[in-house]
$ cat my_file_20.cif   # mmCIF, C-alpha atoms
data_protein
loop_
_atom_site.label_atom_id
_atom_site.label_comp_id
_atom_site.auth_asym_id
_atom_site.auth_seq_id
_atom_site.Cartn_x
_atom_site.Cartn_y
_atom_site.Cartn_z
CA MET A 1 -0.43 8.76 47.41
CA SER A 2 0.67 12.02 49.01
CA PRO A 3 -1.05 15.30 48.04
CA ASP A 4 2.18 16.52 46.40
CA ALA A 5 2.50 13.35 44.31
CA LEU A 6 -1.16 13.51 43.30
CA GLY A 7 -0.74 17.17 42.38
CA ALA A 8 2.25 16.33 40.16
CA LEU A 9 0.35 13.47 38.55
CA LEU A 10 -2.64 15.68 37.77
CA SER A 11 -0.58 18.61 36.51
CA PRO A 12 -0.58 19.34 32.75
CA VAL A 13 2.95 17.94 32.46
CA GLY A 14 2.23 14.83 34.51
CA LEU A 15 -1.06 13.97 32.87
CA GLY A 16 0.37 14.87 29.46
CA LEU A 17 3.23 12.37 29.87
CA ILE A 18 0.74 9.71 30.94
CA GLY A 19 -1.28 10.56 27.85
CA LEU A 20 1.71 9.95 25.59
CA CYS A 21 2.08 6.45 27.02
CA ILE A 22 -1.66 5.77 26.83
CA GLY A 23 -1.58 6.96 23.21
CA SER A 24 1.05 4.31 22.44
CA PHE A 25 -1.29 1.65 23.83
CA LEU A 26 -4.24 3.11 21.91
CA ASN A 27 -2.31 2.51 18.68
CA VAL A 28 -2.21 -1.17 19.62
CA VAL A 29 -5.95 -1.17 20.36
CA ILE A 30 -6.79 0.52 17.06
CA HIS A 31 -4.71 -1.98 15.10
CA ARG A 32 -5.38 -5.24 16.95
CA LEU A 33 -8.95 -5.08 18.21
CA PRO A 34 -10.52 -5.33 14.71
CA LEU A 35 -8.23 -8.30 13.95
CA MET A 36 -9.28 -9.98 17.19
CA MET A 37 -12.94 -9.37 16.33
CA GLU A 38 -12.47 -10.84 12.86
CA ARG A 39 -10.92 -13.99 14.31
CA ALA A 40 -13.79 -14.34 16.78
CA TRP A 41 -16.38 -13.93 14.00
CA LYS A 42 -14.70 -16.64 11.90
CA LEU A 43 -14.64 -19.05 14.84
CA GLU A 44 -18.30 -18.34 15.66
CA GLY A 45 -19.30 -18.74 12.01
CA ALA A 46 -17.50 -22.06 11.72
CA GLU A 47 -19.15 -23.30 14.92
CA ILE A 48 -22.64 -22.29 13.73
CA LEU A 49 -22.11 -23.95 10.34
CA GLY A 50 -20.58 -27.07 11.87
CA LEU A 51 -17.27 -26.55 10.09
CA ASP A 52 -13.75 -27.16 11.30
CA ALA A 53 -12.34 -24.18 13.14
CA PRO A 54 -10.18 -22.06 10.81
CA ASP A 55 -6.49 -21.71 11.51
CA ALA A 56 -6.32 -18.64 13.73
CA GLY A 57 -2.54 -18.38 13.56
CA ALA A 58 -0.47 -17.15 16.49
CA PRO A 59 -2.36 -16.06 19.63
CA LEU A 60 -3.31 -12.39 19.50
CA SER A 61 -4.40 -10.05 22.29
CA LEU A 62 -3.92 -6.41 23.22
CA LEU A 63 -0.88 -7.36 25.30
CA LYS A 64 0.72 -10.23 23.35
CA PRO A 65 2.69 -10.71 21.19
CA ALA A 66 5.15 -7.84 21.48
CA SER A 67 4.92 -5.19 18.77
CA ARG A 68 6.74 -6.06 15.55
CA CYS A 69 7.27 -4.51 12.14
CA PRO A 70 4.44 -5.84 9.95
CA HIS A 71 6.79 -6.03 6.95
CA CYS A 72 9.89 -7.83 8.25
CA GLY A 73 8.81 -9.07 11.68
CA HIS A 74 11.51 -7.10 13.52
CA ARG A 75 10.63 -6.95 17.22
CA ILE A 76 10.37 -3.33 18.27
CA ARG A 77 12.79 -2.66 21.13
CA TRP A 78 11.85 -0.57 24.14
CA HIS A 79 13.83 2.50 23.05
CA GLU A 80 12.21 2.34 19.62
CA ASN A 81 8.78 2.34 21.27
CA ILE A 82 9.18 5.54 23.30
CA PRO A 83 6.14 7.68 22.40
CA VAL A 84 6.85 10.19 19.60
CA LEU A 85 10.60 10.28 20.32
CA GLY A 86 11.13 6.69 19.17
CA TRP A 87 9.50 7.43 15.81
CA LEU A 88 11.52 10.63 15.40
CA ARG A 89 14.77 8.88 16.33
CA LEU A 90 14.12 6.21 13.69
CA GLY A 91 13.29 8.83 11.08
CA GLY A 92 9.86 7.28 10.66
CA LYS A 93 11.33 3.99 9.36
CA CYS A 94 11.80 0.46 10.68
CA SER A 95 15.35 0.08 12.01
CA ALA A 96 15.69 -3.31 10.29
CA CYS A 97 14.04 -3.14 6.87
CA LYS A 98 13.73 0.67 6.55
CA THR A 99 10.07 0.42 5.59
CA ARG A 100 8.24 3.66 6.39
CA ILE A 101 6.22 3.73 9.60
CA SER A 102 2.99 5.67 9.36
CA ALA A 103 3.05 9.13 10.94
CA ARG A 104 -0.32 8.31 12.47
CA TYR A 105 1.36 6.40 15.30
CA PRO A 106 3.18 9.40 16.80
CA LEU A 107 0.20 11.61 15.91
CA VAL A 108 -2.15 9.48 18.05
CA GLU A 109 0.39 9.59 20.89
CA LEU A 110 0.83 13.34 20.60
CA VAL A 111 -2.89 14.09 20.38
CA THR A 112 -3.59 11.87 23.40
CA GLY A 113 -0.84 13.59 25.39
CA LEU A 114 -2.10 17.06 24.48
CA LEU A 115 -5.70 16.18 25.33
CA PHE A 116 -4.67 14.70 28.69
CA ALA A 117 -2.67 17.85 29.44
CA GLY A 118 -5.71 19.88 28.43
CA LEU A 119 -7.82 17.94 30.93
CA ALA A 120 -5.42 18.88 33.73
CA TRP A 121 -5.76 22.52 32.68
CA ARG A 122 -9.54 22.26 32.27
CA PHE A 123 -10.20 20.66 35.66
CA GLY A 124 -7.46 22.35 37.65
CA GLY A 125 -5.72 19.18 38.79
CA GLN A 126 -8.88 17.65 40.30
CA PRO A 127 -9.22 13.84 40.46
CA ALA A 128 -12.20 14.13 38.10
CA ALA A 129 -9.63 14.68 35.36
CA LEU A 130 -8.77 10.97 35.57
CA ALA A 131 -12.36 10.01 34.80
CA TRP A 132 -12.39 12.33 31.82
CA ALA A 133 -9.03 10.91 30.71
CA LEU A 134 -10.74 7.52 30.44
CA PHE A 135 -13.47 9.16 28.35
CA VAL A 136 -10.92 10.76 26.02
CA ALA A 137 -8.91 7.55 25.60
CA PHE A 138 -12.00 5.56 24.60
CA LEU A 139 -13.04 8.22 22.08
CA ILE A 140 -9.61 8.21 20.43
CA ALA A 141 -9.62 4.41 20.12
CA LEU A 142 -13.16 4.36 18.75
CA SER A 143 -12.38 7.11 16.24
CA GLY A 144 -9.33 5.31 14.91
CA ILE A 145 -11.10 1.97 14.57
CA ASP A 146 -14.19 3.49 12.95
CA TRP A 147 -12.09 5.45 10.47
CA ASP A 148 -10.17 2.33 9.45
CA THR A 149 -12.96 -0.24 9.46
CA THR A 150 -16.34 1.59 9.84
CA LEU A 151 -16.81 -0.44 13.04
CA LEU A 152 -17.58 0.84 16.54
CA PRO A 153 -16.97 -2.24 18.73
CA ASP A 154 -19.44 -3.04 21.51
CA SER A 155 -16.41 -3.94 23.63
CA LEU A 156 -15.60 -0.21 23.73
CA THR A 157 -18.93 1.63 23.36
CA GLN A 158 -20.74 -0.34 26.07
CA PRO A 159 -18.04 0.04 28.78
CA LEU A 160 -17.82 3.73 27.89
CA LEU A 161 -21.58 4.09 28.41
CA TRP A 162 -21.55 2.28 31.77
CA ALA A 163 -18.47 4.19 32.90
CA GLY A 164 -20.30 7.45 32.17
CA LEU A 165 -23.26 6.42 34.31
CA ILE A 166 -20.98 5.23 37.13
CA ALA A 167 -18.93 8.45 37.02
CA ALA A 168 -22.15 10.47 37.26
CA ALA A 169 -23.43 8.32 40.15
CA MET A 170 -20.12 8.92 41.99
CA GLY A 171 -20.52 12.68 41.53
CA TRP A 172 -17.45 13.04 39.30
CA THR A 173 -19.05 14.45 36.17
CA ILE A 174 -22.71 15.52 35.75
CA PRO A 175 -25.94 14.85 37.67
CA LEU A 176 -27.01 11.23 37.34
CA THR A 177 -30.45 12.17 36.00
CA SER A 178 -28.91 14.11 33.12
CA ALA A 179 -26.50 11.24 32.41
CA LEU A 180 -29.27 8.63 32.44
CA TRP A 181 -31.57 10.55 30.12
CA GLY A 182 -28.59 11.49 27.98
CA ALA A 183 -27.87 7.81 27.42
CA VAL A 184 -31.51 7.01 26.65
CA ALA A 185 -32.07 10.00 24.35
CA GLY A 186 -28.72 9.55 22.63
CA TYR A 187 -29.52 6.00 21.61
CA LEU A 188 -33.12 6.66 20.61
CA ALA A 189 -32.27 9.77 18.60
CA LEU A 190 -30.02 8.04 16.06
CA TRP A 191 -32.05 4.82 16.22
CA SER A 192 -35.08 6.84 15.08
CA VAL A 193 -33.12 8.56 12.30
CA TYR A 194 -31.82 5.17 11.14
CA TRP A 195 -35.30 3.69 10.83
CA LEU A 196 -36.87 6.76 9.21
CA PHE A 197 -34.09 6.80 6.62
CA LYS A 198 -34.39 3.06 6.01
CA LEU A 199 -38.18 3.21 5.61
CA ALA A 200 -37.88 6.16 3.23
CA THR A 201 -35.00 4.87 1.07
CA GLY A 202 -34.67 1.15 1.79
CA LYS A 203 -31.03 1.75 2.69
CA GLU A 204 -29.09 1.86 5.94
CA GLY A 205 -27.67 5.31 6.63
CA MET A 206 -25.57 4.40 9.67
CA GLY A 207 -24.62 1.50 11.90
CA ALA A 208 -25.88 0.59 15.35
CA GLY A 209 -22.47 1.51 16.76
CA ASP A 210 -23.30 5.17 16.18
CA PHE A 211 -26.41 4.83 18.37
CA LYS A 212 -24.32 3.36 21.18
CA LEU A 213 -21.58 5.97 20.84
CA LEU A 214 -24.07 8.85 21.07
CA ALA A 215 -25.68 7.13 24.08
CA ALA A 216 -22.24 7.00 25.73
CA LEU A 217 -21.64 10.68 24.93
CA GLY A 218 -25.01 11.48 26.48
CA ALA A 219 -24.07 9.55 29.62
CA TRP A 220 -20.90 11.60 30.01
CA LEU A 221 -22.03 15.04 28.80
CA GLY A 222 -25.77 15.06 29.53
CA TRP A 223 -28.91 15.15 27.40
CA PRO A 224 -28.79 18.94 26.69
CA MET A 225 -25.55 18.43 24.76
CA LEU A 226 -26.87 15.77 22.38
CA LEU A 227 -28.25 18.13 19.74
CA PRO A 228 -25.11 20.34 19.68
CA ILE A 229 -22.97 17.20 19.36
CA VAL A 230 -25.01 15.84 16.43
CA LEU A 231 -25.14 19.25 14.70
CA GLY A 232 -21.39 19.74 15.05
CA ALA A 233 -20.60 16.21 13.90
CA SER A 234 -22.92 16.51 10.90
CA LEU A 235 -21.43 19.83 9.81
CA ILE A 236 -17.80 18.73 10.13
CA GLY A 237 -18.56 15.33 8.58
CA ALA A 238 -20.25 16.95 5.58
CA VAL A 239 -17.31 19.30 5.00
CA VAL A 240 -14.75 16.48 5.27
CA GLY A 241 -16.83 14.18 3.05
CA ILE A 242 -17.19 16.81 0.32
CA ALA A 243 -13.47 17.61 0.48
CA MET A 244 -12.57 13.92 0.20
CA LYS A 245 -14.99 13.46 -2.68
CA LEU A 246 -13.57 16.42 -4.60
CA SER A 247 -9.99 15.28 -3.98
CA GLY A 248 -10.71 11.71 -5.07
CA ALA A 249 -9.89 10.28 -1.64
CA LEU A 250 -13.43 8.94 -1.27
CA ARG A 251 -14.11 6.12 -3.72
CA GLU A 252 -17.50 5.61 -5.33
CA GLY A 253 -19.89 3.68 -3.13
CA ARG A 254 -17.87 4.35 0.03
CA PHE A 255 -18.85 6.67 2.86
CA VAL A 256 -17.19 8.63 5.63
CA PRO A 257 -17.76 7.04 9.07
CA PHE A 258 -19.75 9.21 11.46
CA GLY A 259 -18.15 8.01 14.70
CA PRO A 260 -14.97 10.14 14.56
CA PHE A 261 -17.04 13.29 14.08
CA LEU A 262 -19.37 12.41 16.97
CA ALA A 263 -16.30 11.83 19.13
CA GLY A 264 -14.66 15.07 17.98
CA SER A 265 -17.81 17.05 18.62
CA GLY A 266 -18.05 15.49 22.08
CA LEU A 267 -14.49 16.59 22.84
CA VAL A 268 -15.32 20.15 21.81
CA VAL A 269 -18.26 20.14 24.24
CA LEU A 270 -16.03 18.73 26.99
CA PHE A 271 -13.34 21.37 26.69
CA ALA A 272 -15.57 24.32 25.86
CA GLY A 273 -18.15 23.54 28.54
CA SER A 274 -21.88 23.13 28.10
CA ASN A 275 -22.75 26.72 28.97
CA ARG A 276 -20.36 28.11 26.38
CA VAL A 277 -21.63 25.71 23.70
CA LEU A 278 -25.22 26.72 24.38
CA ASP A 279 -24.16 30.36 24.25
CA TRP A 280 -22.49 29.82 20.84
CA LEU A 281 -25.77 28.43 19.54
CA GLY A 282 -27.80 31.20 21.11
CA TRP A 283 -29.66 28.73 23.33
CA ALA A 284 -28.33 29.94 26.69
#
$ encode --input "my_file_20.cif" --output "structure tokens"
Amino acid sequence: MSPDALGALLSPVGLGLIGLCIGSFLNVVIHRLPLMMERAWKLEGAEILGLDAPDAGAPLSLLKPASRCPHCGHRIRWHENIPVLGWLRLGGKCSACKTRISARYPLVELVTGLLFAGLAWRFGGQPAALAWALFVAFLIALSGIDWDTTLLPDSLTQPLLWAGLIAAAMGWTIPLTSALWGAVAGYLALWSVYWLFKLATGKEGMGAGDFKLLAALGAWLGWPMLLPIVLGASLIGAVVGIAMKLSGALREGRFVPFGPFLAGSGLVVLFAGSNRVLDWLGWA
């Protein structure tokens, strides 16, 4: 790729347009990956119990079948699937049955596009922006899945962790030592909180996916950023949880997943920069 082409690709406009398309794919990941996991669990359970395999229905992956309306089965045509614009053109409704399409689909696309454009601005068109784009895409997918299902799939958290260590080893992000200890400390920090809470109350306060997500954040952002990330996530999560409780959006016995707030706090650290975050906290 020529320097001019690479420069256009890594410009805010170029990377933003790529982000819109990636956001469209992330909507598929958020919707389908939990369904794929559920099918796999049922098959594994039947095999362990010696039962006949349950009817899994039509094959399902992140690439097949083509996207369809969940209400009428209408196959979404290419021009209806253009990020953001397709939803606006349809007026937020299926072209066949006129059932409303959630505004979250274009919102995920738009947020991904804006964050990718922000990466181009943050890193000045450097190739490192592509590594951070991978980081951002994984966080968006994990946030959406955790919010919907309270699951943080290993198939996303573990590759994100390893990618962070590899990016550090290649010299694209932070020193490898900081990334390595960030991963170790990130996992052990929430693992310790989990067990202290369980020993004190007999209840589980969080899932193991949160440990792995914080380990991945540590691998990308470094061990000094772990405490700011947890503090920021806890504060925002508490505010959102209280607001949902007061508004009746949070039913009795349910809880607000922690993963989206960890991811959001990690994005704040990424765009603000570690020195600025430490300065905000008076730790610089």
$ resolve_selection --input "my_file_20.cif" --expression "the PyMOL selection byres ((chain A and resi 157) around 9)" --output "list of chain:residue names"
A:Phe138, A:Leu139, A:Leu142, A:Leu152, A:Pro153, A:Asp154, A:Ser155, A:Leu156, A:Gln158, A:Pro159, A:Leu160, A:Leu161, A:Trp162, A:Gly209, A:Lys212, A:Leu213, A:Ala215, A:Ala216
$ axis_aligned_box --input "my_file_20.cif" --around "region 208-215 of chain A" --padding-each-side "8 Å" --output "AutoDock Vina command-line options"
--center_x -24.0 --center_y 4.7 --center_z 19.7 --size_x 20.8 --size_y 24.3 --size_z 24.7
$ residues_around --input "my_file_20.cif" --residues "region 86-90 of chain A" --least-positions-apart "6" --cutoff "7 Å" --atoms "only C-alpha atoms" --output "ChimeraX atom specification"
/A:79-80,106
$ resolve_selection --input "my_file_20.cif" --expression "the PyMOL selection byres ((chain A and resi 31) around 10)" --output "ChimeraX atom specification"
/A:26-30,32-36,62,141,144-145,148
$ closest_residue --input "my_file_20.cif" --among "A:Ala120, A:Leu60, A:Leu43, A:Ala200" --to "Gly16 (chain A)" --atoms "all atoms listed in the file"
A:Ala120
$ closest_atom_pairs --input "my_file_20.cif" --of "region 145-219 of chain A" --to "region 233-247 of chain A" --cutoff "12 Å" --atoms "all atoms listed in the file" --output "JSON lines"
{"residue": "A:Trp147", "atom": "CA", "partner": "A:Gly237", "partner_atom": "CA", "distance": 12.0}
{"residue": "A:Asp210", "atom": "CA", "partner": "A:Ala233", "partner_atom": "CA", "distance": 11.6}
{"residue": "A:Leu214", "atom": "CA", "partner": "A:Ala233", "partner_atom": "CA", "distance": 10.8}
$ residues_around --input "my_file_20.cif" --residues "Cys72 (chain A)" --least-positions-apart "3" --cutoff "8 Å" --atoms "all atoms listed in the file" --output "ChimeraX atom specification"
/A:69,96-97
$ residues_around --input "my_file_20.cif" --residues "Val111 (chain A)" --least-positions-apart "3" --cutoff "10 Å" --atoms "all atoms listed in the file" --output "ChimeraX atom specification"
/A:16,19-20,23,106-108,114-117,140
$ atom_distance --input "my_file_20.cif" --atom1 "CA of Thr99 (chain A)" --atom2 "CA of His74 (chain A)"
11.0 Å
$ resolve_selection --input "my_file_20.cif" --expression "the PyMOL selection byres ((chain A and resi 275-280) around 12)" --output "mmCIF file with C-alpha atoms, in the coordinates of the input"
data_model
loop_
_atom_site.group_PDB
_atom_site.id
_atom_site.type_symbol
_atom_site.label_atom_id
_atom_site.label_comp_id
_atom_site.auth_asym_id
_atom_site.auth_seq_id
_atom_site.Cartn_x
_atom_site.Cartn_y
_atom_site.Cartn_z
ATOM 1 C CA LEU A 221 -22.030 15.040 28.800
ATOM 2 C CA PRO A 224 -28.790 18.940 26.690
ATOM 3 C CA MET A 225 -25.550 18.430 24.760
ATOM 4 C CA LEU A 226 -26.870 15.770 22.380
ATOM 5 C CA LEU A 227 -28.250 18.130 19.740
ATOM 6 C CA PRO A 228 -25.110 20.340 19.680
ATOM 7 C CA ILE A 229 -22.970 17.200 19.360
ATOM 8 C CA LEU A 231 -25.140 19.250 14.700
ATOM 9 C CA GLY A 232 -21.390 19.740 15.050
ATOM 10 C CA SER A 265 -17.810 17.050 18.620
ATOM 11 C CA GLY A 266 -18.050 15.490 22.080
ATOM 12 C CA LEU A 267 -14.490 16.590 22.840
ATOM 13 C CA VAL A 268 -15.320 20.150 21.810
ATOM 14 C CA VAL A 269 -18.260 20.140 24.240
ATOM 15 C CA LEU A 270 -16.030 18.730 26.990
ATOM 16 C CA PHE A 271 -13.340 21.370 26.690
ATOM 17 C CA ALA A 272 -15.570 24.320 25.860
ATOM 18 C CA GLY A 273 -18.150 23.540 28.540
ATOM 19 C CA SER A 274 -21.880 23.130 28.100
ATOM 20 C CA LEU A 281 -25.770 28.430 19.540
ATOM 21 C CA GLY A 282 -27.800 31.200 21.110
ATOM 22 C CA TRP A 283 -29.660 28.730 23.330
ATOM 23 C CA ALA A 284 -28.330 29.940 26.690
#
$ closest_residue --input "my_file_20.cif" --among "A:Phe255, A:Trp78, A:Trp191, A:Trp223" --to "Thr177 (chain A)" --atoms "all atoms listed in the file"
A:Trp223
$ decode --input "my_file_20.cif" --residues "region 157-168 of chain A" --atoms "all heavy atoms" --output "mmCIF file, in the first residue's frame"
data_model
loop_
_atom_site.group_PDB
_atom_site.id
_atom_site.type_symbol
_atom_site.label_atom_id
_atom_site.label_comp_id
_atom_site.auth_asym_id
_atom_site.auth_seq_id
_atom_site.Cartn_x
_atom_site.Cartn_y
_atom_site.Cartn_z
ATOM 1 N N THR A 157 -12.792 -12.377 25.257
ATOM 2 C CA THR A 157 -11.880 -11.823 26.271
ATOM 3 C C THR A 157 -10.467 -12.397 26.135
ATOM 4 O O THR A 157 -9.478 -11.666 26.272
ATOM 5 C CB THR A 157 -12.403 -12.103 27.694
ATOM 6 O OG1 THR A 157 -12.648 -13.504 27.860
ATOM 7 C CG2 THR A 157 -13.693 -11.332 27.953
ATOM 8 N N GLN A 158 -10.357 -13.689 25.861
ATOM 9 C CA GLN A 158 -9.025 -14.288 25.777
ATOM 10 C C GLN A 158 -8.239 -13.812 24.553
ATOM 11 O O GLN A 158 -7.056 -13.447 24.686
ATOM 12 C CB GLN A 158 -9.145 -15.812 25.820
ATOM 13 C CG GLN A 158 -9.611 -16.324 27.181
ATOM 14 C CD GLN A 158 -9.753 -17.826 27.242
ATOM 15 O OE1 GLN A 158 -9.500 -18.530 26.275
ATOM 16 N NE2 GLN A 158 -10.171 -18.336 28.393
ATOM 17 N N PRO A 159 -8.836 -13.773 23.351
ATOM 18 C CA PRO A 159 -8.085 -13.187 22.227
ATOM 19 C C PRO A 159 -7.712 -11.731 22.459
ATOM 20 O O PRO A 159 -6.639 -11.292 22.037
ATOM 21 C CB PRO A 159 -9.055 -13.331 21.045
ATOM 22 C CG PRO A 159 -9.944 -14.461 21.410
ATOM 23 C CD PRO A 159 -10.112 -14.371 22.899
ATOM 24 N N LEU A 160 -8.590 -10.971 23.130
ATOM 25 C CA LEU A 160 -8.281 -9.573 23.411
ATOM 26 C C LEU A 160 -7.063 -9.470 24.329
ATOM 27 O O LEU A 160 -6.198 -8.606 24.136
ATOM 28 C CB LEU A 160 -9.494 -8.889 24.049
ATOM 29 C CG LEU A 160 -9.337 -7.404 24.394
ATOM 30 C CD1 LEU A 160 -9.064 -6.588 23.133
ATOM 31 C CD2 LEU A 160 -10.581 -6.883 25.096
ATOM 32 N N LEU A 161 -6.989 -10.342 25.334
ATOM 33 C CA LEU A 161 -5.844 -10.362 26.238
ATOM 34 C C LEU A 161 -4.556 -10.685 25.475
ATOM 35 O O LEU A 161 -3.546 -9.973 25.601
ATOM 36 C CB LEU A 161 -6.089 -11.393 27.338
ATOM 37 C CG LEU A 161 -4.898 -11.769 28.230
ATOM 38 C CD1 LEU A 161 -4.346 -10.546 28.942
ATOM 39 C CD2 LEU A 161 -5.306 -12.837 29.237
ATOM 40 N N TRP A 162 -4.565 -11.754 24.683
ATOM 41 C CA TRP A 162 -3.371 -12.142 23.953
ATOM 42 C C TRP A 162 -2.980 -11.081 22.922
ATOM 43 O O TRP A 162 -1.784 -10.822 22.714
ATOM 44 C CB TRP A 162 -3.580 -13.494 23.275
ATOM 45 C CG TRP A 162 -3.502 -14.630 24.232
ATOM 46 C CD1 TRP A 162 -4.520 -15.411 24.689
ATOM 47 C CD2 TRP A 162 -2.318 -15.111 24.893
ATOM 48 N NE1 TRP A 162 -4.057 -16.350 25.582
ATOM 49 C CE2 TRP A 162 -2.708 -16.182 25.730
ATOM 50 C CE3 TRP A 162 -0.974 -14.734 24.857
ATOM 51 C CZ2 TRP A 162 -1.798 -16.880 26.507
ATOM 52 C CZ3 TRP A 162 -0.060 -15.426 25.638
ATOM 53 C CH2 TRP A 162 -0.482 -16.489 26.445
ATOM 54 N N ALA A 163 -3.967 -10.473 22.288
ATOM 55 C CA ALA A 163 -3.670 -9.423 21.312
ATOM 56 C C ALA A 163 -2.981 -8.234 21.984
ATOM 57 O O ALA A 163 -2.084 -7.607 21.409
ATOM 58 C CB ALA A 163 -4.953 -8.967 20.617
ATOM 59 N N GLY A 164 -3.400 -7.926 23.229
ATOM 60 C CA GLY A 164 -2.761 -6.842 23.962
ATOM 61 C C GLY A 164 -1.301 -7.136 24.255
ATOM 62 O O GLY A 164 -0.432 -6.259 24.117
ATOM 63 N N LEU A 165 -1.008 -8.368 24.647
ATOM 64 C CA LEU A 165 0.378 -8.747 24.933
ATOM 65 C C LEU A 165 1.215 -8.749 23.646
ATOM 66 O O LEU A 165 2.369 -8.313 23.647
ATOM 67 C CB LEU A 165 0.419 -10.120 25.592
ATOM 68 C CG LEU A 165 -0.220 -10.215 26.990
ATOM 69 C CD1 LEU A 165 -0.209 -11.653 27.488
ATOM 70 C CD2 LEU A 165 0.497 -9.301 27.981
ATOM 71 N N ILE A 166 0.634 -9.243 22.554
ATOM 72 C CA ILE A 166 1.359 -9.263 21.276
ATOM 73 C C ILE A 166 1.618 -7.843 20.788
ATOM 74 O O ILE A 166 2.728 -7.520 20.324
ATOM 75 C CB ILE A 166 0.568 -10.070 20.228
ATOM 76 C CG1 ILE A 166 0.533 -11.550 20.617
ATOM 77 C CG2 ILE A 166 1.163 -9.886 18.840
ATOM 78 C CD1 ILE A 166 -0.413 -12.385 19.787
ATOM 79 N N ALA A 167 0.607 -6.972 20.891
ATOM 80 C CA ALA A 167 0.776 -5.580 20.456
ATOM 81 C C ALA A 167 1.881 -4.897 21.261
ATOM 82 O O ALA A 167 2.680 -4.123 20.710
ATOM 83 C CB ALA A 167 -0.542 -4.822 20.606
ATOM 84 N N ALA A 168 1.936 -5.188 22.562
ATOM 85 C CA ALA A 168 2.995 -4.615 23.393
ATOM 86 C C ALA A 168 4.359 -5.173 22.987
ATOM 87 O O ALA A 168 5.352 -4.436 22.904
ATOM 88 C CB ALA A 168 2.715 -4.902 24.866
#
